[in-house]
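What follows is model_17.pdb (PDB, C-alpha atoms).
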ATOM      1  CA  MET A   1      74.755  90.417  87.976
ATOM      2  CA  TRP A   2      77.753  92.073  89.644
ATOM      3  CA  VAL A   3      77.466  95.872  89.617
ATOM      4  CA  LYS A   4      80.313  98.346  90.162
ATOM      5  CA  ILE A   5      79.729 102.071  90.606
ATOM      6  CA  CYS A   6      82.884 103.968  89.674
ATOM      7  CA  GLY A   7      84.155 107.538  89.863
ATOM      8  CA  LEU A   8      82.910 108.138  93.400
ATOM      9  CA  THR A   9      84.168 111.300  95.086
ATOM     10  CA  SER A  10      82.263 111.524  98.374
ATOM     11  CA  GLU A  11      81.291 109.375 101.324
ATOM     12  CA  GLN A  12      77.639 110.248 100.770
ATOM     13  CA  ASP A  13      77.648 108.926  97.214
ATOM     14  CA  ALA A  14      79.625 105.815  98.203
ATOM     15  CA  LEU A  15      77.155 104.927 100.944
ATOM     16  CA  LEU A  16      74.233 105.644  98.617
ATOM     17  CA  ALA A  17      75.718 103.301  96.003
ATOM     18  CA  VAL A  18      75.914 100.563  98.632
ATOM     19  CA  ALA A  19      72.352 101.263  99.767
ATOM     20  CA  MET A  20      71.159 101.021  96.150
ATOM     21  CA  GLY A  21      72.639  97.539  95.832
ATOM     22  CA  ALA A  22      76.072  98.025  94.265
ATOM     23  CA  ASP A  23      78.527  95.155  94.783
ATOM     24  CA  ALA A  24      81.689  97.205  94.245
ATOM     25  CA  LEU A  25      82.877 100.805  94.306
ATOM     26  CA  GLY A  26      85.622 102.512  92.313
ATOM     27  CA  PHE A  27      87.770 105.522  93.216
ATOM     28  CA  VAL A  28      89.880 107.223  90.553
ATOM     29  CA  PHE A  29      93.524 108.084  91.211
ATOM     30  CA  ALA A  30      94.369 108.894  87.598
ATOM     31  CA  PRO A  31      94.088 112.492  86.275
ATOM     32  CA  SER A  32      90.356 113.121  85.983
ATOM     33  CA  PRO A  33      87.597 115.435  87.262
ATOM     34  CA  ARG A  34      86.918 112.547  89.658
ATOM     35  CA  GLN A  35      90.500 112.139  90.901
ATOM     36  CA  MET A  36      90.853 111.393  94.609
ATOM     37  CA  SER A  37      93.728 111.352  97.101
ATOM     38  CA  PRO A  38      94.592 108.218  99.116
ATOM     39  CA  ALA A  39      93.743 110.010 102.368
ATOM     40  CA  ALA A  40      90.305 111.080 101.125
ATOM     41  CA  VAL A  41      89.504 107.559  99.953
ATOM     42  CA  LYS A  42      90.755 106.057 103.218
ATOM     43  CA  ALA A  43      88.244 108.204 105.096
ATOM     44  CA  ILE A  44      85.481 106.701 102.933
ATOM     45  CA  THR A  45      86.538 103.044 102.862
ATOM     46  CA  GLY A  46      86.478 102.919 106.637
ATOM     47  CA  ARG A  47      82.704 103.400 106.446
ATOM     48  CA  ILE A  48      82.007 100.838 103.718
ATOM     49  CA  PRO A  49      80.629  97.389 104.710
ATOM     50  CA  PRO A  50      83.353  94.726 104.467
ATOM     51  CA  GLU A  51      81.468  92.637 101.905
ATOM     52  CA  ILE A  52      81.599  95.483  99.352
ATOM     53  CA  LEU A  53      84.621  95.371  97.051
ATOM     54  CA  THR A  54      86.488  98.659  96.695
ATOM     55  CA  PHE A  55      88.917  99.435  93.872
ATOM     56  CA  GLY A  56      91.420 102.135  93.055
ATOM     57  CA  VAL A  57      91.504 103.049  89.368
ATOM     58  CA  PHE A  58      94.967 103.772  87.938
ATOM     59  CA  ARG A  59      96.302 104.669  84.506
ATOM     60  CA  ASP A  60      99.949 104.004  83.610
ATOM     61  CA  GLU A  61     101.079 104.396  87.218
ATOM     62  CA  ARG A  62     104.225 102.728  88.556
ATOM     63  CA  PRO A  63     103.204  99.296  89.899
ATOM     64  CA  GLU A  64     104.926  99.998  93.217
ATOM     65  CA  THR A  65     102.809 103.138  93.590
ATOM     66  CA  VAL A  66      99.627 101.234  92.755
ATOM     67  CA  VAL A  67     100.304  98.713  95.513
ATOM     68  CA  ASP A  68     101.190 101.455  97.995
ATOM     69  CA  VAL A  69      98.067 103.505  97.280
ATOM     70  CA  VAL A  70      95.755 100.481  97.449
ATOM     71  CA  ASN A  71      97.125  99.649 100.895
ATOM     72  CA  ARG A  72      97.158 103.233 102.209
ATOM     73  CA  ALA A  73      93.620 103.915 101.001
ATOM     74  CA  GLY A  74      92.208 100.741 102.563
ATOM     75  CA  LEU A  75      91.092  99.339  99.218
ATOM     76  CA  LYS A  76      90.546  95.712  98.298
ATOM     77  CA  GLY A  77      91.736  95.860  94.708
ATOM     78  CA  ALA A  78      93.265  97.762  91.821
ATOM     79  CA  GLN A  79      91.836  98.507  88.384
ATOM     80  CA  LEU A  80      94.548  99.041  85.776
ATOM     81  CA  HIS A  81      93.133 101.209  83.051
ATOM     82  CA  GLY A  82      96.081 102.192  80.875
ATOM     83  CA  ASP A  83      98.895 100.628  78.896
ATOM     84  CA  GLU A  84     100.382  98.694  81.790
ATOM     85  CA  THR A  85     102.597  95.845  80.640
ATOM     86  CA  ARG A  86     102.008  92.229  81.480
ATOM     87  CA  GLU A  87     104.915  92.437  83.916
ATOM     88  CA  ASP A  88     103.500  95.482  85.678
ATOM     89  CA  SER A  89     100.049  93.893  85.905
ATOM     90  CA  ALA A  90     101.522  90.686  87.297
ATOM     91  CA  TYR A  91     103.520  92.654  89.883
ATOM     92  CA  VAL A  92     100.327  94.251  91.177
ATOM     93  CA  ALA A  93      98.319  91.022  90.985
ATOM     94  CA  VAL A  94     100.552  89.180  93.459
ATOM     95  CA  ARG A  95     100.514  92.082  95.954
ATOM     96  CA  VAL A  96      96.870  93.132  96.159
ATOM     97  CA  PRO A  97      93.849  90.868  96.722
ATOM     98  CA  LEU A  98      92.052  91.526  93.435
ATOM     99  CA  VAL A  99      92.940  93.097  90.075
ATOM    100  CA  ILE A 100      90.731  94.290  87.238
ATOM    101  CA  ARG A 101      92.552  94.731  83.926
ATOM    102  CA  ALA A 102      90.761  97.118  81.618
ATOM    103  CA  PHE A 103      91.039  97.028  77.829
ATOM    104  CA  ALA A 104      89.551  99.335  75.242
ATOM    105  CA  ALA A 105      87.133  97.772  72.784
ATOM    106  CA  GLY A 106      89.075  96.590  69.759
ATOM    107  CA  ASP A 107      92.402  96.387  71.612
ATOM    108  CA  SER A 108      94.480  93.596  70.075
ATOM    109  CA  ARG A 109      95.774  92.685  73.543
ATOM    110  CA  LEU A 110      92.305  91.580  74.585
ATOM    111  CA  ALA A 111      92.856  88.108  73.121
ATOM    112  CA  ARG A 112      95.868  87.747  75.476
ATOM    113  CA  ALA A 113      94.072  89.001  78.581
ATOM    114  CA  ASP A 114      94.961  85.796  80.438
ATOM    115  CA  GLU A 115      98.616  86.846  80.393
ATOM    116  CA  TYR A 116      98.028  89.867  82.641
ATOM    117  CA  GLY A 117      97.272  87.948  85.844
ATOM    118  CA  ALA A 118      93.991  89.744  86.556
ATOM    119  CA  GLU A 119      90.953  87.975  87.966
ATOM    120  CA  ILE A 120      88.547  90.246  86.075
ATOM    121  CA  VAL A 121      88.696  91.703  82.555
ATOM    122  CA  LEU A 122      86.902  94.998  81.970
ATOM    123  CA  LEU A 123      85.949  96.052  78.464
ATOM    124  CA  ASP A 124      85.569  99.807  78.019
ATOM    125  CA  ALA A 125      84.977 102.264  75.214
ATOM    126  CA  PRO A 126      87.999 103.284  73.110
ATOM    127  CA  SER A 127      87.902 106.622  74.993
ATOM    128  CA  PRO A 128      87.465 105.590  78.661
ATOM    129  CA  GLY A 129      85.335 107.966  80.672
ATOM    130  CA  SER A 130      83.706 109.435  77.577
ATOM    131  CA  GLY A 131      80.329 107.928  78.394
ATOM    132  CA  LYS A 132      80.004 106.732  74.802
ATOM    133  CA  VAL A 133      78.613 103.334  73.842
ATOM    134  CA  PHE A 134      80.787 101.134  71.629
ATOM    135  CA  ASP A 135      79.969  98.181  69.385
ATOM    136  CA  TRP A 136      79.213  95.454  71.933
ATOM    137  CA  ARG A 137      80.141  92.778  69.389
ATOM    138  CA  LEU A 138      83.778  93.633  70.171
ATOM    139  CA  ALA A 139      83.333  91.766  73.459
ATOM    140  CA  GLU A 140      83.686  88.541  71.483
ATOM    141  CA  GLY A 141      87.463  88.928  71.735
ATOM    142  CA  VAL A 142      87.548  88.205  75.465
ATOM    143  CA  PRO A 143      89.038  84.763  76.246
ATOM    144  CA  ARG A 144      86.369  82.250  77.219
ATOM    145  CA  GLY A 145      86.013  81.532  80.896
ATOM    146  CA  ARG A 146      87.127  85.001  82.043
ATOM    147  CA  ARG A 147      85.006  87.196  84.278
ATOM    148  CA  LEU A 148      84.026  89.977  81.901
ATOM    149  CA  VAL A 149      82.825  93.327  83.202
ATOM    150  CA  LEU A 150      81.240  95.578  80.598
ATOM    151  CA  ALA A 151      81.675  99.369  80.802
ATOM    152  CA  GLY A 152      81.511 102.316  78.437
ATOM    153  CA  GLY A 153      78.379 104.386  77.900
ATOM    154  CA  LEU A 154      76.155 102.283  80.130
ATOM    155  CA  GLU A 155      73.163 103.938  81.751
ATOM    156  CA  PRO A 156      69.837 102.854  83.255
ATOM    157  CA  GLU A 157      68.152 102.930  79.839
ATOM    158  CA  ASN A 158      70.556 100.598  78.016
ATOM    159  CA  VAL A 159      72.169  98.344  80.623
ATOM    160  CA  SER A 160      69.548  95.601  80.286
ATOM    161  CA  GLU A 161      70.043  95.440  76.525
ATOM    162  CA  ALA A 162      73.823  95.397  77.011
ATOM    163  CA  ILE A 163      73.591  92.469  79.405
ATOM    164  CA  ARG A 164      71.311  90.489  77.097
ATOM    165  CA  THR A 165      73.642  91.166  74.159
ATOM    166  CA  VAL A 166      77.054  90.590  75.730
ATOM    167  CA  HIS A 167      76.234  88.252  78.651
ATOM    168  CA  PRO A 168      78.907  89.738  80.928
ATOM    169  CA  TRP A 169      79.664  88.629  84.475
ATOM    170  CA  GLY A 170      79.286  92.227  85.636
ATOM    171  CA  VAL A 171      78.768  95.837  84.599
ATOM    172  CA  ASP A 172      80.543  99.066  85.524
ATOM    173  CA  VAL A 173      79.122 102.592  85.377
ATOM    174  CA  SER A 174      80.350 106.088  86.163
ATOM    175  CA  THR A 175      79.086 108.942  83.990
ATOM    176  CA  GLY A 176      75.800 107.150  83.298
ATOM    177  CA  VAL A 177      74.627 107.675  86.883
ATOM    178  CA  GLU A 178      75.935 111.205  87.434
ATOM    179  CA  SER A 179      74.155 114.524  87.758
ATOM    180  CA  ARG A 180      77.482 116.235  86.980
ATOM    181  CA  PRO A 181      81.105 114.995  86.844
ATOM    182  CA  GLY A 182      81.964 113.331  90.131
ATOM    183  CA  VAL A 183      78.487 113.712  91.645
ATOM    184  CA  LYS A 184      76.123 110.740  91.519
ATOM    185  CA  ASP A 185      72.372 110.942  91.031
ATOM    186  CA  PRO A 186      70.597 108.654  93.555
ATOM    187  CA  ARG A 187      67.671 108.001  91.213
ATOM    188  CA  LYS A 188      69.957 107.044  88.344
ATOM    189  CA  MET A 189      72.015 104.768  90.594
ATOM    190  CA  ARG A 190      68.880 103.015  91.835
ATOM    191  CA  ALA A 191      67.494 102.629  88.324
ATOM    192  CA  PHE A 192      70.807 101.322  86.989
ATOM    193  CA  VAL A 193      71.273  98.710  89.704
ATOM    194  CA  GLN A 194      67.667  97.548  89.424
ATOM    195  CA  ALA A 195      67.866  97.269  85.641
ATOM    196  CA  ALA A 196      71.160  95.368  85.796
ATOM    197  CA  LYS A 197      70.065  92.978  88.517
ATOM    198  CA  SER A 198      66.762  92.204  86.812
ATOM    199  CA  ALA A 199      68.178  91.733  83.320
ATOM    200  CA  GLU A 200      67.871  88.324  81.761
ATOM    201  CA  PRO A 201      70.885  86.252  82.899
ATOM    202  CA  GLY A 202      73.284  85.367  80.126
ATOM    203  CA  PRO A 203      75.141  82.080  79.635
ATOM    204  CA  TYR A 204      78.205  83.169  81.619
ATOM    205  CA  GLU A 205      80.792  80.400  81.623
ATOM    206  CA  GLY A 206      83.456  81.755  83.947
ATOM    207  CA  ALA A 207      84.731  80.297  87.176
ATOM    208  CA  GLU A 208      82.054  79.329  89.659
ATOM    209  CA  GLU A 209      83.730  80.738  92.741
ATOM    210  CA  THR A 210      83.427  84.392  93.703
ATOM    211  CA  PRO A 211      86.444  86.567  92.823
ATOM    212  CA  PHE A 212      87.496  86.934  96.431
ATOM    213  CA  ASP A 213      86.808  84.781  99.484
ATOM    214  CA  TRP A 214      86.377  87.078 102.472
ATOM    215  CA  GLU A 215      86.090  84.178 104.912
ATOM    216  CA  GLU A 216      89.670  83.209 104.104
ATOM    217  CA  GLU A 217      91.040  86.740 104.092
ATOM    218  CA  THR A 218      90.247  88.265 107.463
ATOM    219  CA  ASN A 219      93.243  90.574 107.763
ATOM    220  CA  LEU A 220      92.071  93.170 105.223
TER     221      LEU A 220
END

Give the structure from the file, written as C-alpha coordinates.
Amino acid sequence: MWVKICGLTSEQDALLAVAMGADALGFVFAPSPRQMSPAAVKAITGRIPPEILTFGVFRDERPETVVDVVNRAGLKGAQLHGDETREDSAYVAVRVPLVIRAFAAGDSRLARADEYGAEIVLLDAPSPGSGKVFDWRLAEGVPRGRRLVLAGGLEPENVSEAIRTVHPWGVDVSTGVESRPGVKDPRKMRAFVQAAKSAEPGPYEGAEETPFDWEEETNL
(Lines of atoms letter the chains of each structure in order from A and count residues from 1; the text may use other names and numbers.)
(Lines give C-alpha, C1' and ligand atoms only; values in the text may rest on other atoms or scores of the structure.)
Protein backbone atom coordinates (compact mmCIF):
# COMPACT_ATOMS: atom_id res chain seq x y z
CA MET A 1 0.00 0.00 0.00
CA TRP A 2 1.39 3.36 -1.13
CA VAL A 3 1.20 5.97 1.64
CA LYS A 4 1.44 9.75 1.19
CA ILE A 5 1.74 12.15 4.12
CA CYS A 6 0.52 15.59 3.07
CA GLY A 7 0.45 19.09 4.53
CA LEU A 8 4.02 18.98 5.80
CA THR A 9 5.47 22.29 6.97
CA SER A 10 8.86 21.44 8.49
CA GLU A 11 11.97 19.43 7.72
CA GLN A 12 11.60 17.59 11.02
CA ASP A 13 8.12 16.34 10.17
CA ALA A 14 9.13 15.44 6.60
CA LEU A 15 12.07 13.35 7.79
CA LEU A 16 9.90 11.74 10.47
CA ALA A 17 7.31 10.79 7.83
CA VAL A 18 10.05 9.11 5.81
CA ALA A 19 11.38 7.33 8.90
CA MET A 20 7.86 6.07 9.67
CA GLY A 21 7.62 4.46 6.24
CA ALA A 22 5.81 7.00 4.05
CA ASP A 23 6.31 6.56 0.30
CA ALA A 24 5.48 10.15 -0.66
CA LEU A 25 5.29 13.61 0.88
CA GLY A 26 3.04 16.55 0.03
CA PHE A 27 3.66 20.28 0.45
CA VAL A 28 0.79 22.74 0.07
CA PHE A 29 1.17 25.87 -2.06
CA ALA A 30 -2.52 26.75 -2.09
CA PRO A 31 -4.00 29.11 0.56
CA SER A 32 -4.08 27.06 3.75
CA PRO A 33 -2.75 27.02 7.33
CA ARG A 34 -0.18 24.62 5.85
CA GLN A 35 0.86 26.82 2.91
CA MET A 36 4.57 26.79 2.09
CA SER A 37 6.87 28.88 -0.10
CA PRO A 38 8.98 27.31 -2.87
CA ALA A 39 12.18 28.32 -1.09
CA ALA A 40 11.11 26.71 2.20
CA VAL A 41 10.17 23.48 0.44
CA LYS A 42 13.41 23.46 -1.54
CA ALA A 43 15.34 23.52 1.73
CA ILE A 44 13.43 20.39 2.80
CA THR A 45 13.47 18.39 -0.44
CA GLY A 46 17.25 18.55 -0.54
CA ARG A 47 17.27 16.37 2.58
CA ILE A 48 14.72 13.79 1.41
CA PRO A 49 15.97 10.40 0.10
CA PRO A 50 15.68 10.24 -3.70
CA GLU A 51 13.35 7.23 -3.67
CA ILE A 52 10.66 9.22 -1.82
CA LEU A 53 8.18 10.98 -4.10
CA THR A 54 7.54 14.63 -3.27
CA PHE A 55 4.54 16.61 -4.50
CA GLY A 56 3.43 20.21 -4.53
CA VAL A 57 -0.29 20.65 -3.92
CA PHE A 58 -1.97 23.39 -5.98
CA ARG A 59 -5.52 24.68 -6.32
CA ASP A 60 -6.62 26.56 -9.45
CA GLU A 61 -3.11 27.89 -10.07
CA ARG A 62 -1.89 28.87 -13.54
CA PRO A 63 -0.32 25.76 -15.11
CA GLU A 64 2.84 27.69 -15.96
CA THR A 65 3.19 28.62 -12.29
CA VAL A 66 2.66 25.02 -11.20
CA VAL A 67 5.48 23.83 -13.44
CA ASP A 68 7.77 26.64 -12.29
CA VAL A 69 7.15 26.01 -8.59
CA VAL A 70 7.62 22.24 -8.91
CA ASN A 71 11.01 22.81 -10.53
CA ARG A 72 12.14 25.59 -8.17
CA ALA A 73 11.13 23.63 -5.07
CA GLY A 74 12.93 20.46 -6.18
CA LEU A 75 9.73 18.41 -6.25
CA LYS A 76 9.03 15.30 -8.27
CA GLY A 77 5.37 15.92 -9.00
CA ALA A 78 2.30 18.12 -8.82
CA GLN A 79 -1.07 17.44 -7.21
CA LEU A 80 -3.87 19.45 -8.82
CA HIS A 81 -6.60 19.89 -6.27
CA GLY A 82 -9.01 22.42 -7.76
CA ASP A 83 -11.08 22.99 -10.87
CA GLU A 84 -8.20 22.78 -13.31
CA THR A 85 -9.35 22.07 -16.85
CA ARG A 86 -8.30 19.07 -18.86
CA GLU A 87 -6.06 21.36 -20.91
CA ASP A 88 -4.36 22.80 -17.84
CA SER A 89 -3.84 19.34 -16.35
CA ALA A 90 -2.39 18.07 -19.62
CA TYR A 91 -0.04 21.06 -19.81
CA VAL A 92 1.38 20.20 -16.39
CA ALA A 93 1.47 16.46 -17.08
CA VAL A 94 3.89 16.79 -20.00
CA ARG A 95 6.23 19.10 -18.06
CA VAL A 96 6.62 17.46 -14.66
CA PRO A 97 7.48 13.81 -13.95
CA LEU A 98 4.29 12.83 -12.13
CA VAL A 99 0.81 14.32 -11.69
CA ILE A 100 -1.94 13.50 -9.21
CA ARG A 101 -5.38 14.78 -10.21
CA ALA A 102 -7.68 15.16 -7.25
CA PHE A 103 -11.47 14.99 -7.46
CA ALA A 104 -14.07 15.49 -4.77
CA ALA A 105 -16.29 12.52 -4.00
CA GLY A 106 -19.37 12.71 -6.19
CA ASP A 107 -17.72 14.93 -8.81
CA SER A 108 -19.25 14.14 -12.20
CA ARG A 109 -15.83 14.61 -13.82
CA LEU A 110 -14.52 11.55 -12.02
CA ALA A 111 -15.85 9.24 -14.74
CA ARG A 112 -13.67 11.18 -17.24
CA ALA A 113 -10.52 11.15 -15.11
CA ASP A 114 -8.57 9.52 -17.95
CA GLU A 115 -8.90 12.74 -19.95
CA TYR A 116 -6.77 14.75 -17.52
CA GLY A 117 -3.44 13.08 -18.29
CA ALA A 118 -2.61 12.27 -14.67
CA GLU A 119 -0.92 9.04 -13.63
CA ILE A 120 -2.76 8.96 -10.30
CA VAL A 121 -6.35 9.86 -9.38
CA LEU A 122 -6.98 11.04 -5.82
CA LEU A 123 -10.47 10.91 -4.36
CA ASP A 124 -11.07 13.39 -1.55
CA ALA A 125 -13.95 14.59 0.58
CA PRO A 126 -16.29 17.20 -0.94
CA SER A 127 -14.57 19.75 1.35
CA PRO A 128 -10.83 18.98 0.93
CA GLY A 129 -8.81 19.47 4.07
CA SER A 130 -11.86 19.22 6.31
CA GLY A 131 -10.76 15.91 7.79
CA LYS A 132 -14.26 14.53 7.27
CA VAL A 133 -14.96 11.01 6.03
CA PHE A 134 -17.20 10.67 2.98
CA ASP A 135 -19.24 7.76 1.63
CA TRP A 136 -16.52 5.44 0.32
CA ARG A 137 -18.98 3.89 -2.13
CA LEU A 138 -18.48 7.01 -4.26
CA ALA A 139 -15.08 5.60 -5.23
CA GLU A 140 -16.92 3.29 -7.63
CA GLY A 141 -16.92 6.13 -10.17
CA VAL A 142 -13.18 5.95 -10.78
CA PRO A 143 -12.32 4.46 -14.20
CA ARG A 144 -11.06 0.90 -13.93
CA GLY A 145 -7.34 0.42 -14.20
CA ARG A 146 -6.44 3.82 -12.71
CA ARG A 147 -4.18 4.19 -9.70
CA LEU A 148 -6.62 5.40 -7.07
CA VAL A 149 -5.41 7.18 -3.95
CA LEU A 150 -8.02 7.57 -1.22
CA ALA A 151 -8.03 10.68 1.00
CA GLY A 152 -10.52 12.56 3.14
CA GLY A 153 -10.96 11.95 6.85
CA LEU A 154 -8.49 9.08 7.05
CA GLU A 155 -6.76 8.43 10.36
CA PRO A 156 -5.00 5.52 12.07
CA GLU A 157 -8.30 4.18 13.42
CA ASN A 158 -10.16 3.92 10.10
CA VAL A 159 -7.55 3.54 7.35
CA SER A 160 -7.59 -0.26 7.45
CA GLU A 161 -11.36 -0.35 7.03
CA ALA A 162 -11.11 2.19 4.20
CA ILE A 163 -8.57 0.06 2.36
CA ARG A 164 -10.63 -3.11 2.75
CA THR A 165 -13.74 -1.28 1.53
CA VAL A 166 -12.36 0.70 -1.41
CA HIS A 167 -9.28 -1.34 -2.42
CA PRO A 168 -7.26 1.72 -3.43
CA TRP A 169 -3.72 1.69 -4.78
CA GLY A 170 -2.71 4.19 -2.10
CA VAL A 171 -3.89 6.42 0.72
CA ASP A 172 -3.23 10.07 1.57
CA VAL A 173 -3.46 11.71 4.99
CA SER A 174 -2.93 15.18 6.42
CA THR A 175 -5.15 16.27 9.31
CA GLY A 176 -5.55 12.69 10.54
CA VAL A 177 -1.92 12.58 11.71
CA GLU A 178 -1.63 16.10 13.11
CA SER A 179 -1.35 17.39 16.66
CA ARG A 180 -2.42 20.82 15.35
CA PRO A 181 -2.73 22.32 11.84
CA GLY A 182 0.57 21.92 10.04
CA VAL A 183 2.28 19.99 12.85
CA LYS A 184 2.45 16.21 12.60
CA ASP A 185 2.20 13.81 15.52
CA PRO A 186 4.94 11.13 15.26
CA ARG A 187 2.82 8.50 17.02
CA LYS A 188 -0.14 9.10 14.73
CA MET A 189 2.08 8.97 11.64
CA ARG A 190 3.61 5.68 12.76
CA ALA A 191 0.21 4.19 13.58
CA PHE A 192 -1.26 5.33 10.27
CA VAL A 193 1.54 3.93 8.13
CA GLN A 194 1.55 0.64 10.02
CA ALA A 195 -2.22 0.27 9.74
CA ALA A 196 -2.19 1.08 6.02
CA LYS A 197 0.71 -1.21 5.19
CA SER A 198 -0.74 -4.12 7.13
CA ALA A 199 -4.29 -3.80 5.82
CA GLU A 200 -5.66 -6.64 3.78
CA PRO A 201 -4.61 -6.07 0.14
CA GLY A 202 -7.49 -5.33 -2.19
CA PRO A 203 -7.93 -6.56 -5.77
CA TYR A 204 -6.20 -3.54 -7.33
CA GLU A 205 -6.23 -3.86 -11.11
CA GLY A 206 -4.15 -0.89 -12.21
CA ALA A 207 -0.94 -0.86 -14.18
CA GLU A 208 1.75 -3.17 -12.88
CA GLU A 209 4.65 -0.77 -13.22
CA THR A 210 5.45 1.81 -10.55
CA PRO A 211 4.28 5.36 -11.31
CA PHE A 212 7.79 6.62 -11.89
CA ASP A 213 10.98 4.81 -12.87
CA TRP A 214 13.87 6.46 -11.05
CA GLU A 215 16.46 4.32 -12.83
CA GLU A 216 15.48 5.93 -16.12
CA GLU A 217 15.21 9.46 -14.76
CA THR A 218 18.54 10.32 -13.19
CA ASN A 219 18.54 14.05 -13.86
CA LEU A 220 15.96 14.99 -11.21

Can you pull out the residues contacting Glu61 (chain A)? Cut-off 10 Å, using all atoms listed in the file, and skip same-chain residues under 3 positions away; I want them as a list of chain:residue names.
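That gives A:Phe29, A:Ala30, A:Val57, A:Phe58, A:Glu64, A:Thr65, A:Val66, A:Leu80, A:His81, A:Gly82, A:Asp83, A:Glu84, A:Asp88.
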
Could you write those residues out with C-alpha atoms, as a PDB file, in the coordinates of the input?
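For reference, part22.pdb as written:
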ATOM      1  CA  PHE A  29      93.524 108.084  91.211  1.00  0.00           C
ATOM      2  CA  ALA A  30      94.369 108.894  87.598  1.00  0.00           C
ATOM      3  CA  VAL A  57      91.504 103.049  89.368  1.00  0.00           C
ATOM      4  CA  PHE A  58      94.967 103.772  87.938  1.00  0.00           C
ATOM      5  CA  GLU A  64     104.926  99.998  93.217  1.00  0.00           C
ATOM      6  CA  THR A  65     102.809 103.138  93.590  1.00  0.00           C
ATOM      7  CA  VAL A  66      99.627 101.234  92.755  1.00  0.00           C
ATOM      8  CA  LEU A  80      94.548  99.041  85.776  1.00  0.00           C
ATOM      9  CA  HIS A  81      93.133 101.209  83.051  1.00  0.00           C
ATOM     10  CA  GLY A  82      96.081 102.192  80.875  1.00  0.00           C
ATOM     11  CA  ASP A  83      98.895 100.628  78.896  1.00  0.00           C
ATOM     12  CA  GLU A  84     100.382  98.694  81.790  1.00  0.00           C
ATOM     13  CA  ASP A  88     103.500  95.482  85.678  1.00  0.00           C
TER      14      ASP A  88
END

Non-local contacts of region 170-174 of chain A (10 Å; all atoms listed in the file; under 2 positions in same chain excluded) as a JSON list (two decimals) with C-alpha atoms, in the coordinates of the input:
[["chain", "number", "residue", "atom", "x", "y", "z"],
["A", 1, "MET", "CA", 74.76, 90.42, 87.98],
["A", 2, "TRP", "CA", 77.75, 92.07, 89.64],
["A", 3, "VAL", "CA", 77.47, 95.87, 89.62],
["A", 4, "LYS", "CA", 80.31, 98.35, 90.16],
["A", 5, "ILE", "CA", 79.73, 102.07, 90.61],
["A", 6, "CYS", "CA", 82.88, 103.97, 89.67],
["A", 7, "GLY", "CA", 84.16, 107.54, 89.86],
["A", 8, "LEU", "CA", 82.91, 108.14, 93.40],
["A", 22, "ALA", "CA", 76.07, 98.02, 94.26],
["A", 23, "ASP", "CA", 78.53, 95.16, 94.78],
["A", 24, "ALA", "CA", 81.69, 97.20, 94.24],
["A", 25, "LEU", "CA", 82.88, 100.80, 94.31],
["A", 26, "GLY", "CA", 85.62, 102.51, 92.31],
["A", 34, "ARG", "CA", 86.92, 112.55, 89.66],
["A", 120, "ILE", "CA", 88.55, 90.25, 86.08],
["A", 121, "VAL", "CA", 88.70, 91.70, 82.56],
["A", 122, "LEU", "CA", 86.90, 95.00, 81.97],
["A", 123, "LEU", "CA", 85.95, 96.05, 78.46],
["A", 124, "ASP", "CA", 85.57, 99.81, 78.02],
["A", 129, "GLY", "CA", 85.34, 107.97, 80.67],
["A", 130, "SER", "CA", 83.71, 109.44, 77.58],
["A", 131, "GLY", "CA", 80.33, 107.93, 78.39],
["A", 147, "ARG", "CA", 85.01, 87.20, 84.28],
["A", 148, "LEU", "CA", 84.03, 89.98, 81.90],
["A", 149, "VAL", "CA", 82.82, 93.33, 83.20],
["A", 150, "LEU", "CA", 81.24, 95.58, 80.60],
["A", 151, "ALA", "CA", 81.68, 99.37, 80.80],
["A", 152, "GLY", "CA", 81.51, 102.32, 78.44],
["A", 153, "GLY", "CA", 78.38, 104.39, 77.90],
["A", 154, "LEU", "CA", 76.16, 102.28, 80.13],
["A", 155, "GLU", "CA", 73.16, 103.94, 81.75],
["A", 156, "PRO", "CA", 69.84, 102.85, 83.26],
["A", 159, "VAL", "CA", 72.17, 98.34, 80.62],
["A", 162, "ALA", "CA", 73.82, 95.40, 77.01],
["A", 163, "ILE", "CA", 73.59, 92.47, 79.40],
["A", 167, "HIS", "CA", 76.23, 88.25, 78.65],
["A", 168, "PRO", "CA", 78.91, 89.74, 80.93],
["A", 176, "GLY", "CA", 75.80, 107.15, 83.30],
["A", 177, "VAL", "CA", 74.63, 107.68, 86.88],
["A", 178, "GLU", "CA", 75.94, 111.20, 87.43],
["A", 181, "PRO", "CA", 81.10, 115.00, 86.84],
["A", 182, "GLY", "CA", 81.96, 113.33, 90.13],
["A", 183, "VAL", "CA", 78.49, 113.71, 91.64],
["A", 184, "LYS", "CA", 76.12, 110.74, 91.52],
["A", 189, "MET", "CA", 72.02, 104.77, 90.59],
["A", 192, "PHE", "CA", 70.81, 101.32, 86.99],
["A", 193, "VAL", "CA", 71.27, 98.71, 89.70],
["A", 196, "ALA", "CA", 71.16, 95.37, 85.80],
["A", 197, "LYS", "CA", 70.06, 92.98, 88.52],
["A", 204, "TYR", "CA", 78.20, 83.17, 81.62]]

Atom pair CA of Gln35 (chain A) / CA of Val67 (chain A): separation (Å)
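CA of Gln35 (chain A) sits 17.3 Å away from CA of Val67 (chain A).
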
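Summary of the local environment: counting only C-alpha atoms, residues at most 12 Å from Gly46 (chain A), other than itself and those fewer than 5 positions away along its chain, are Glu11, Ala14, Leu15, Ala39, Ala40, Val41, Ile52, Thr54, Arg72, Ala73, Gly74, Leu75, Lys76 and Leu220 of chain A.
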
Could you check how far CA of Val69 (chain A) sits from CA of Pro38 (chain A), in Å to one decimal?
6.1 Å

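Between CA of Gln12 (chain A) and CA of Ala78 (chain A) the separation is 21.9 Å.
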
From the list A:Leu16, A:Leu98, A:Val92, A:Val70, which residue is nearest Leu53 (chain A) when using all atoms listed in the file?
A:Leu98

Residues near Ala90 (chain A), cut-off 8 Å, all atoms listed in the file, skip fewer than 4 positions along chain, as a tab-separated table (two decimals) with C-alpha atoms, in the frame of the given file:
chain	number	residue	atom	x	y	z
A	86	ARG	CA	102.01	92.23	81.48
A	94	VAL	CA	100.55	89.18	93.46
A	116	TYR	CA	98.03	89.87	82.64
A	117	GLY	CA	97.27	87.95	85.84
A	118	ALA	CA	93.99	89.74	86.56
